[in-house]
Structure formats: structure tokens, C-alpha cells
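Structure file entry18.cif (mmCIF, C-alpha atoms and all ligand atoms) follows.
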data_run
#
loop_
_atom_site.label_atom_id
_atom_site.label_comp_id
_atom_site.auth_asym_id
_atom_site.auth_seq_id
_atom_site.Cartn_x
_atom_site.Cartn_y
_atom_site.Cartn_z
CA MET A 1 104.69 109.08 73.54
CA THR A 2 103.31 109.56 77.04
CA TYR A 3 101.21 106.81 78.56
CA GLU A 4 98.71 107.39 81.34
CA VAL A 5 99.07 104.66 83.94
CA GLY A 6 96.23 104.30 86.41
CA TYR A 7 97.39 102.54 89.53
CA VAL A 8 95.18 100.74 92.02
CA VAL A 9 96.37 100.08 95.56
CA GLY A 10 94.72 96.95 96.94
CA SER A 11 94.99 98.12 100.55
CA LEU A 12 92.68 100.64 102.23
CA SER A 13 95.09 101.07 105.13
CA ARG A 14 96.36 104.64 105.66
CA GLY A 15 99.84 103.39 106.50
CA SER A 16 99.89 100.84 103.69
CA ILE A 17 103.28 99.54 102.62
CA ASN A 18 101.78 98.91 99.18
CA ARG A 19 100.78 102.57 98.91
CA ARG A 20 104.39 103.40 99.79
CA LEU A 21 105.55 101.04 97.06
CA ALA A 22 103.18 102.67 94.56
CA GLY A 23 104.62 106.08 95.45
CA ALA A 24 108.15 104.80 94.97
CA LEU A 25 107.24 103.31 91.58
CA ALA A 26 105.70 106.60 90.43
CA GLY A 27 108.96 108.33 91.35
CA LEU A 28 111.18 105.79 89.57
CA ALA A 29 109.11 105.43 86.39
CA PRO A 30 110.44 106.45 82.98
CA GLN A 31 109.40 110.01 82.11
CA ASP A 32 106.77 109.00 79.62
CA LEU A 33 104.78 106.90 82.10
CA ARG A 34 102.45 109.23 84.01
CA PHE A 35 101.01 107.72 87.19
CA THR A 36 97.60 108.60 88.65
CA GLU A 37 95.88 106.70 91.43
CA ILE A 38 92.49 105.17 90.73
CA PRO A 39 90.84 105.15 94.17
CA ILE A 40 88.69 102.22 95.31
CA ARG A 41 87.97 103.28 98.90
CA ASP A 42 84.48 104.73 98.33
CA LEU A 43 83.05 101.90 96.25
CA PRO A 44 80.07 100.16 97.83
CA LEU A 45 79.96 96.38 97.66
CA TYR A 46 79.12 95.25 94.16
CA ASP A 47 75.42 94.53 93.73
CA HIS A 48 74.10 93.13 90.47
CA ASP A 49 70.77 94.88 91.15
CA LEU A 50 72.52 98.22 90.59
CA ASP A 51 73.74 97.40 87.07
CA GLN A 52 71.11 99.68 85.52
CA ASP A 53 71.82 102.50 88.00
CA PHE A 54 75.53 102.48 88.80
CA PRO A 55 76.57 104.45 91.91
CA SER A 56 78.73 107.49 91.15
CA ALA A 57 81.90 105.97 92.67
CA ALA A 58 81.59 103.00 90.32
CA ARG A 59 80.95 105.23 87.31
CA GLU A 60 84.02 107.25 88.25
CA LEU A 61 86.06 104.05 88.55
CA LYS A 62 85.08 102.94 85.07
CA ARG A 63 85.80 106.38 83.63
CA ALA A 64 89.25 106.43 85.22
CA ILE A 65 90.10 102.97 83.92
CA GLU A 66 88.86 103.74 80.42
CA GLY A 67 90.88 106.96 80.40
CA SER A 68 94.09 105.11 81.30
CA ASP A 69 96.42 103.53 78.75
CA ALA A 70 97.43 100.85 81.25
CA LEU A 71 96.79 99.70 84.80
CA LEU A 72 99.20 98.89 87.58
CA PHE A 73 97.90 96.85 90.52
CA VAL A 74 99.93 97.28 93.70
CA THR A 75 98.43 94.94 96.23
CA PRO A 76 98.94 93.15 99.50
CA GLU A 77 98.03 89.51 99.99
CA TYR A 78 95.14 88.71 102.36
CA ASN A 79 94.81 85.09 103.42
CA ARG A 80 96.69 83.93 100.35
CA SER A 81 94.51 85.88 97.92
CA ILE A 82 93.73 89.45 96.95
CA PRO A 83 91.94 91.82 99.35
CA GLY A 84 88.16 91.89 99.05
CA ALA A 85 88.28 95.64 98.31
CA LEU A 86 90.32 94.99 95.18
CA LYS A 87 88.12 92.13 93.98
CA ASN A 88 85.10 94.37 94.56
CA ALA A 89 86.64 97.11 92.39
CA ILE A 90 87.35 94.63 89.61
CA ASP A 91 83.78 93.35 89.77
CA TRP A 92 82.41 96.88 89.36
CA ALA A 93 84.85 97.59 86.51
CA THR A 94 83.65 94.61 84.50
CA ARG A 95 79.95 95.44 84.69
CA PRO A 96 77.28 95.99 83.44
CA TRP A 97 77.55 92.98 81.16
CA GLY A 98 78.92 93.99 77.78
CA SER A 99 80.77 96.98 79.23
CA ASN A 100 83.97 95.51 80.67
CA SER A 101 86.29 98.46 81.26
CA LEU A 102 89.25 96.08 81.66
CA ASP A 103 88.85 94.52 78.23
CA GLY A 104 92.14 94.82 76.35
CA LYS A 105 93.72 97.08 78.97
CA PRO A 106 97.41 96.26 79.45
CA ALA A 107 98.19 95.62 83.10
CA ALA A 108 100.94 94.76 85.54
CA VAL A 109 100.87 93.40 89.06
CA ILE A 110 103.24 93.99 91.95
CA GLY A 111 102.94 93.77 95.72
CA ALA A 112 104.75 93.96 99.03
CA SER A 113 104.49 91.94 102.22
CA PRO A 114 106.81 91.26 105.15
CA GLY A 115 106.20 87.53 104.55
CA LEU A 116 108.81 85.14 103.14
CA ILE A 117 106.99 84.55 99.87
CA SER A 118 105.67 88.11 99.78
CA THR A 119 102.48 88.44 97.72
CA ALA A 120 103.15 85.57 95.32
CA VAL A 121 99.89 83.69 95.82
CA ALA A 122 97.70 86.81 95.66
CA GLN A 123 99.45 87.91 92.48
CA HIS A 124 98.75 84.60 90.82
CA HIS A 125 95.09 84.84 91.77
CA LEU A 126 94.98 88.37 90.38
CA LYS A 127 96.68 87.35 87.14
CA SER A 128 94.11 84.62 86.71
CA ILE A 129 91.29 87.15 87.16
CA LEU A 130 92.94 89.54 84.69
CA SER A 131 93.20 86.75 82.17
CA PHE A 132 89.43 86.29 82.40
CA THR A 133 88.83 90.04 82.07
CA ASN A 134 90.96 89.96 78.90
CA SER A 135 93.60 92.36 80.23
CA PRO A 136 97.06 91.47 78.89
CA VAL A 137 99.32 91.16 81.93
CA LEU A 138 103.07 91.66 82.11
CA GLY A 139 104.60 88.21 82.64
CA GLN A 140 108.21 89.04 83.49
CA PRO A 141 109.76 90.12 85.67
CA GLU A 142 107.55 88.92 88.51
CA ALA A 143 107.74 91.36 91.41
CA TYR A 144 107.33 89.96 94.90
CA ILE A 145 108.67 92.68 97.18
CA ARG A 146 109.59 91.47 100.64
CA TYR A 147 109.08 94.52 102.82
CA THR A 148 111.40 95.27 105.72
CA ASP A 149 111.18 98.31 107.98
CA GLY A 150 112.62 101.39 106.29
CA LEU A 151 112.78 99.87 102.80
CA ILE A 152 110.86 102.87 101.46
CA THR A 153 111.00 106.24 103.22
CA ASP A 154 107.99 108.47 103.95
CA ASN A 155 108.72 110.44 100.81
CA GLY A 156 108.96 107.42 98.56
CA LYS A 157 112.70 106.82 98.36
CA VAL A 158 113.85 103.21 98.12
CA THR A 159 116.73 102.73 100.56
CA ASP A 160 118.06 99.43 99.17
CA GLU A 161 120.07 99.80 95.93
CA GLY A 162 119.28 96.31 94.65
CA THR A 163 115.55 96.81 95.15
CA GLU A 164 115.65 100.19 93.46
CA ALA A 165 117.49 98.74 90.45
CA PHE A 166 114.97 95.89 90.26
CA LEU A 167 112.01 98.29 90.37
CA ARG A 168 113.54 100.33 87.54
CA ARG A 169 113.91 97.17 85.43
CA TYR A 170 110.34 96.19 86.25
CA LEU A 171 109.07 99.61 85.12
CA GLU A 172 111.06 99.43 81.89
CA ALA A 173 109.52 96.04 81.14
CA PHE A 174 106.07 97.47 81.89
CA HIS A 175 106.78 100.38 79.54
CA THR A 176 107.69 97.94 76.76
CA HIS A 177 104.59 95.89 77.53
CA ILE A 178 102.36 98.96 77.19
CA SER A 179 103.96 100.18 73.98
CA THR A 180 103.91 96.72 72.41
CA PHE A 181 100.24 96.41 73.14
CA ALA A 182 99.49 99.94 71.96
CA ARG A 183 100.94 99.13 68.54
CA SER A 184 98.64 96.22 67.88
CA HIS A 185 95.43 97.16 69.64
CA THR A 186 92.96 99.97 69.89
CA TRP A 187 90.97 100.52 73.03
CA THR A 188 88.62 103.19 74.25
C1 LIG B 201 97.64 89.79 106.06
N1 LIG B 201 98.98 89.65 105.77
C2 LIG B 201 99.40 88.65 104.91
N2 LIG B 201 100.68 88.63 104.41
C3 LIG B 201 101.04 87.67 103.52
O1 LIG B 201 102.19 87.68 103.07
N3 LIG B 201 100.17 86.71 103.13
C4 LIG B 201 98.89 86.65 103.58
O2 LIG B 201 98.13 85.79 103.20
C5 LIG B 201 98.48 87.65 104.51
N4 LIG B 201 97.21 87.68 105.00
C6 LIG B 201 96.75 88.77 105.67
C7 LIG B 201 95.38 88.92 105.93
C8 LIG B 201 94.91 90.07 106.51
C9 LIG B 201 93.42 90.24 106.72
C10 LIG B 201 95.80 91.10 106.88
C11 LIG B 201 95.28 92.38 107.51
C12 LIG B 201 97.14 90.95 106.68
C13 LIG B 201 99.97 90.63 106.27
C14 LIG B 201 100.16 91.74 105.26
O3 LIG B 201 101.16 91.37 104.35
C15 LIG B 201 100.60 93.03 105.95
O4 LIG B 201 99.56 93.42 106.86
C16 LIG B 201 100.87 94.16 104.98
O5 LIG B 201 101.34 95.29 105.68
C17 LIG B 201 99.58 94.53 104.23
O6 LIG B 201 99.85 95.48 103.23
P1 LIG B 201 99.44 97.01 103.39
O7 LIG B 201 97.99 97.05 103.81
O8 LIG B 201 100.33 97.58 104.49
O9 LIG B 201 99.71 97.58 102.05
#
Show me this structure written as C-alpha cells.
Ligand code: FNR
Amino acid sequence: MTYEVGYVVGSLSRGSINRRLAGALAGLAPQDLRFTEIPIRDLPLYDHDLDQDFPSAARELKRAIEGSDALLFVTPEYNRSIPGALKNAIDWATRPWGSNSLDGKPAAVIGASPGLISTAVAQHHLKSILSFTNSPVLGQPEAYIRYTDGLITDNGKVTDEGTEAFLRRYLEAFHTHISTFARSHTWT
């Protein structure tokens, strides 16, 4: 069975190392995980006053999430939390009240940073948010990628064998997480 995985990159930066990581993951994924980016760049700031008249970028976001079997968040850490752009996207996705597009959606979190503890703190914040949105999150393995220059080439090849092997194991665990959830839940 093929699963549609929507991935969200938490960085808006053109040269984002997390976008590079997302590209590498798409290339390493088992054949029956199909990766498509869910863009967040064009979303305005969330405004509760627009709940009855959602902007088109927010409607498109919700449609893309609802059409995905699972979500993968690939995000940097900003000031020991998640980037505002990502939080903004999650806020749109959960509204209007009673129409939470993240409800029941299996998810996984991963992120890269040059820092010593990588994106650990941001990931824990994000997992806490995803718990509230009722999105079952992959627990293990945790994936804190410490980025060094050249780790992933321009065309998405991982140059370190150990990292590549780890990412493959991570994707296999995500695959199992999605299929386990798919057996016991129905979502729209
Ligand atoms: C950072 N960076 C950073 N790194 C980290 O490990 N922990 C942190 O809390 C922060 N905080 C932070 C705040 C802001 C506003 C910026 C711009 C950067 C550094 C960050 O890891 C680095 O810029 C990465 O390259 C960001 O990922 P992308 O955008 O390249 O995917």
C-alpha cells in the first residue's frame, strides 16, 4: 500500500539545510512512501477574525494536510523553539474550531542544525503541540541531525554513511508508524 506523506519544512530560507534534509529523506524513503511538500511560505499570519473566510493559502494548506496519510515535519530550531512560520501553519491547520486538519494524522518530526544539541528543544516543543492537536507522533528513533558542511549534496545525497543508514532506519520506523495507525484508525 502506498502512503502519501506531506512534508512541511519549518524554514523559509532558500538555502535551508532542513529543506536539503527533506530532499534527502524523500530520496531514501521506502518505495511506498510518496513525499510531497506542503508549502507554508504564502500563509498570512493567523487571524481568528478570518475563521469564517479563510484565505486561499490556508484553505490549500488544510486540503493538502487532509489529503495526506501522514505528515513529516522537518524543522530548524529558532531560539530553542520552532520557527514562527511553522507555528503559524499549525494554527491555521487547526482552525476553524471543530475542523482540526491535524486530528488523528500520524506524524514524525526531524530537524537539522549545526548546533551541538541540534534541534532537540524545538522538536520537544513541536511534539507537545502535536500531542494537543491529537496527531500521533513517532516516538523512536529521535532524529537530531547535527549538520556539517557538505553532509548533504545539492542533489540530496547524504555523504556520511552512518547518517544515511540512520535516516533509512528512521524512515522505516515512520513507515511502520503510519501503517500501524492506518490499521486502527480512519481519517478523512
Ligand atoms: C537560529 N539557529 C539556532 N540553532 C540552534 O541549534 N538552536 C537555536 O535555538 C537556534 N536559534 C536560531 C534563531 C534564529 C532566528 C536563526 C535564524 C537561527 C541556527 C540555525 O540552526 C541555522 O541557522 C540553521 O541553518 C537553520 O536551518 P535552515 O533555515 O537552514 O533550515
Protein and nucleic acid residues within 7 Å of ligand LIG 201 (chain B) (only C-alpha atoms and all ligand atoms) as a PDB file with C-alpha atoms, in the coordinates of the input:
ATOM      1  CA  SER A  11      94.990  98.120 100.550  1.00  0.00           C
ATOM      2  CA  LEU A  12      92.680 100.640 102.230  1.00  0.00           C
ATOM      3  CA  SER A  13      95.090 101.070 105.130  1.00  0.00           C
ATOM      4  CA  GLY A  15      99.840 103.390 106.500  1.00  0.00           C
ATOM      5  CA  SER A  16      99.890 100.840 103.690  1.00  0.00           C
ATOM      6  CA  ILE A  17     103.280  99.540 102.620  1.00  0.00           C
ATOM      7  CA  ASN A  18     101.780  98.910  99.180  1.00  0.00           C
ATOM      8  CA  ARG A  19     100.780 102.570  98.910  1.00  0.00           C
ATOM      9  CA  THR A  75      98.430  94.940  96.230  1.00  0.00           C
ATOM     10  CA  PRO A  76      98.940  93.150  99.500  1.00  0.00           C
ATOM     11  CA  GLU A  77      98.030  89.510  99.990  1.00  0.00           C
ATOM     12  CA  TYR A  78      95.140  88.710 102.360  1.00  0.00           C
ATOM     13  CA  ASN A  79      94.810  85.090 103.420  1.00  0.00           C
ATOM     14  CA  ARG A  80      96.690  83.930 100.350  1.00  0.00           C
ATOM     15  CA  SER A  81      94.510  85.880  97.920  1.00  0.00           C
ATOM     16  CA  ALA A 112     104.750  93.960  99.030  1.00  0.00           C
ATOM     17  CA  SER A 113     104.490  91.940 102.220  1.00  0.00           C
ATOM     18  CA  PRO A 114     106.810  91.260 105.150  1.00  0.00           C
ATOM     19  CA  GLY A 115     106.200  87.530 104.550  1.00  0.00           C
ATOM     20  CA  ILE A 117     106.990  84.550  99.870  1.00  0.00           C
ATOM     21  CA  SER A 118     105.670  88.110  99.780  1.00  0.00           C
ATOM     22  CA  THR A 119     102.480  88.440  97.720  1.00  0.00           C
TER      23      THR A 119
END
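Nearest residue to Leu86 (chain A) among A:Asp103, A:Asp69, A:Asp49, A:Asp42 is A:Asp42, counting only C-alpha atoms.
The environment of Ile110 (chain A) within 10 Å, counting only C-alpha atoms and disregarding residues fewer than 2 places along the same chain, consists of Val9, Asn18, Leu21, Ala22, Leu72, Phe73, Val74, Thr75, Pro76, Ala108, Ala112, Thr119, Ala120, Ala122, Gln123, Pro141, Glu142, Ala143, Tyr144, Ile145, Leu167 and Tyr170 of chain A.
For the choices A:Pro136, A:Pro106, A:Gly23, A:Gly6, the atom-to-atom distance to Asp154 (chain A) is smallest for A:Gly23 when using all atoms listed in the file.
You will find CA of Ile152 (chain A) at 28.9 Å from CA of Ile129 (chain A).
Between CA of Gly27 (chain A) and CA of Gly156 (chain A) there is a distance of 7.3 Å.
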Write out as a tab-separated table (two decimals) with C-alpha atoms, in the frame of the given file which residues come within 12 Å of Arg169 (chain A) when counting all atoms listed in the file, dropping same-chain ones fewer than 2 positions away.
chain	number	residue	atom	x	y	z
A	25	LEU	CA	107.24	103.31	91.58
A	28	LEU	CA	111.18	105.79	89.57
A	29	ALA	CA	109.11	105.43	86.39
A	30	PRO	CA	110.44	106.45	82.98
A	140	GLN	CA	108.21	89.04	83.49
A	141	PRO	CA	109.76	90.12	85.67
A	142	GLU	CA	107.55	88.92	88.51
A	143	ALA	CA	107.74	91.36	91.41
A	162	GLY	CA	119.28	96.31	94.65
A	163	THR	CA	115.55	96.81	95.15
A	164	GLU	CA	115.65	100.19	93.46
A	165	ALA	CA	117.49	98.74	90.45
A	166	PHE	CA	114.97	95.89	90.26
A	167	LEU	CA	112.01	98.29	90.37
A	171	LEU	CA	109.07	99.61	85.12
A	172	GLU	CA	111.06	99.43	81.89
A	173	ALA	CA	109.52	96.04	81.14
A	174	PHE	CA	106.07	97.47	81.89
A	175	HIS	CA	106.78	100.38	79.54
A	176	THR	CA	107.69	97.94	76.76
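Considering all atoms listed in the file, the residue among A:Tyr7, A:Phe181, A:Tyr46, A:Phe35 positioned nearest to Gly84 (chain A) is A:Tyr46.
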Self-check item: Expected answer as a PyMOL selection string: all residues with atoms within 7 Å of (92.4, 105.4, 84.6), all atoms listed in the file
Solution: chain A and resi 5-6+38+63-68
Any chance you could export the current selection's C-alpha atoms as a PDB file, in the frame of the given file?
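Wrote out-v6.pdb, looks like this:
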ATOM      1  CA  VAL A   5      99.070 104.660  83.940  1.00  0.00           C
ATOM      2  CA  GLY A   6      96.230 104.300  86.410  1.00  0.00           C
ATOM      3  CA  ILE A  38      92.490 105.170  90.730  1.00  0.00           C
ATOM      4  CA  ARG A  63      85.800 106.380  83.630  1.00  0.00           C
ATOM      5  CA  ALA A  64      89.250 106.430  85.220  1.00  0.00           C
ATOM      6  CA  ILE A  65      90.100 102.970  83.920  1.00  0.00           C
ATOM      7  CA  GLU A  66      88.860 103.740  80.420  1.00  0.00           C
ATOM      8  CA  GLY A  67      90.880 106.960  80.400  1.00  0.00           C
ATOM      9  CA  SER A  68      94.090 105.110  81.300  1.00  0.00           C
TER      10      SER A  68
END
Quiz item: Distance CA of Ala89 (chain A)-CA of Leu61 (chain A), one decimal place?
Solution: 8.0 Å
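The closest residue to Leu116 (chain A), picked from A:Thr148, A:Phe132, A:Val137, A:Ala85 and counting all atoms listed in the file, is A:Thr148.
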8 Å per side around region 86-96 of chain A: axis-aligned box centre and edge lengths, as lines of an AutoDock Vina configuration file:
center_x = 83.8
center_y = 94.9
center_z = 89.3
size_x = 29.0
size_y = 21.5
size_z = 27.7
From the structure just shown, export region 134-147 of chain A with N, CA and C atoms as a compact mmCIF listing (two decimals), in the first residue's frame.
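Final output, out-v4.txt:
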# COMPACT_ATOMS: atom_id res chain seq x y z
N ASN A 134 -3.74 16.23 18.70
CA ASN A 134 -4.18 14.83 18.58
C ASN A 134 -3.60 14.13 17.35
N SER A 135 -2.33 14.42 17.08
CA SER A 135 -1.64 13.80 15.95
C SER A 135 -0.63 12.81 16.51
N PRO A 136 -0.86 11.50 16.34
CA PRO A 136 0.08 10.53 16.91
C PRO A 136 1.49 10.70 16.31
N VAL A 137 2.46 10.90 17.19
CA VAL A 137 3.82 11.22 16.73
C VAL A 137 4.75 10.04 16.95
N LEU A 138 5.59 9.78 15.96
CA LEU A 138 6.62 8.76 16.10
C LEU A 138 7.52 9.10 17.30
N GLY A 139 7.69 8.13 18.20
CA GLY A 139 8.50 8.38 19.40
C GLY A 139 9.97 8.05 19.19
N GLN A 140 10.23 6.91 18.55
CA GLN A 140 11.60 6.46 18.34
C GLN A 140 11.80 5.98 16.91
N PRO A 141 12.95 6.20 16.33
CA PRO A 141 14.08 6.90 16.93
C PRO A 141 13.88 8.42 16.89
N GLU A 142 14.45 9.11 17.87
CA GLU A 142 14.52 10.56 17.79
C GLU A 142 15.59 10.91 16.74
N ALA A 143 15.41 12.05 16.08
CA ALA A 143 16.32 12.35 14.96
C ALA A 143 16.81 13.79 15.04
N TYR A 144 17.93 13.95 15.72
CA TYR A 144 18.54 15.27 15.87
C TYR A 144 19.78 15.30 14.98
N ILE A 145 19.64 15.85 13.79
CA ILE A 145 20.73 15.79 12.83
C ILE A 145 21.65 16.99 13.02
N ARG A 146 22.89 16.70 13.36
CA ARG A 146 23.88 17.78 13.51
C ARG A 146 24.51 18.01 12.14
N TYR A 147 24.23 19.19 11.59
CA TYR A 147 24.62 19.45 10.20
C TYR A 147 26.03 20.01 10.13
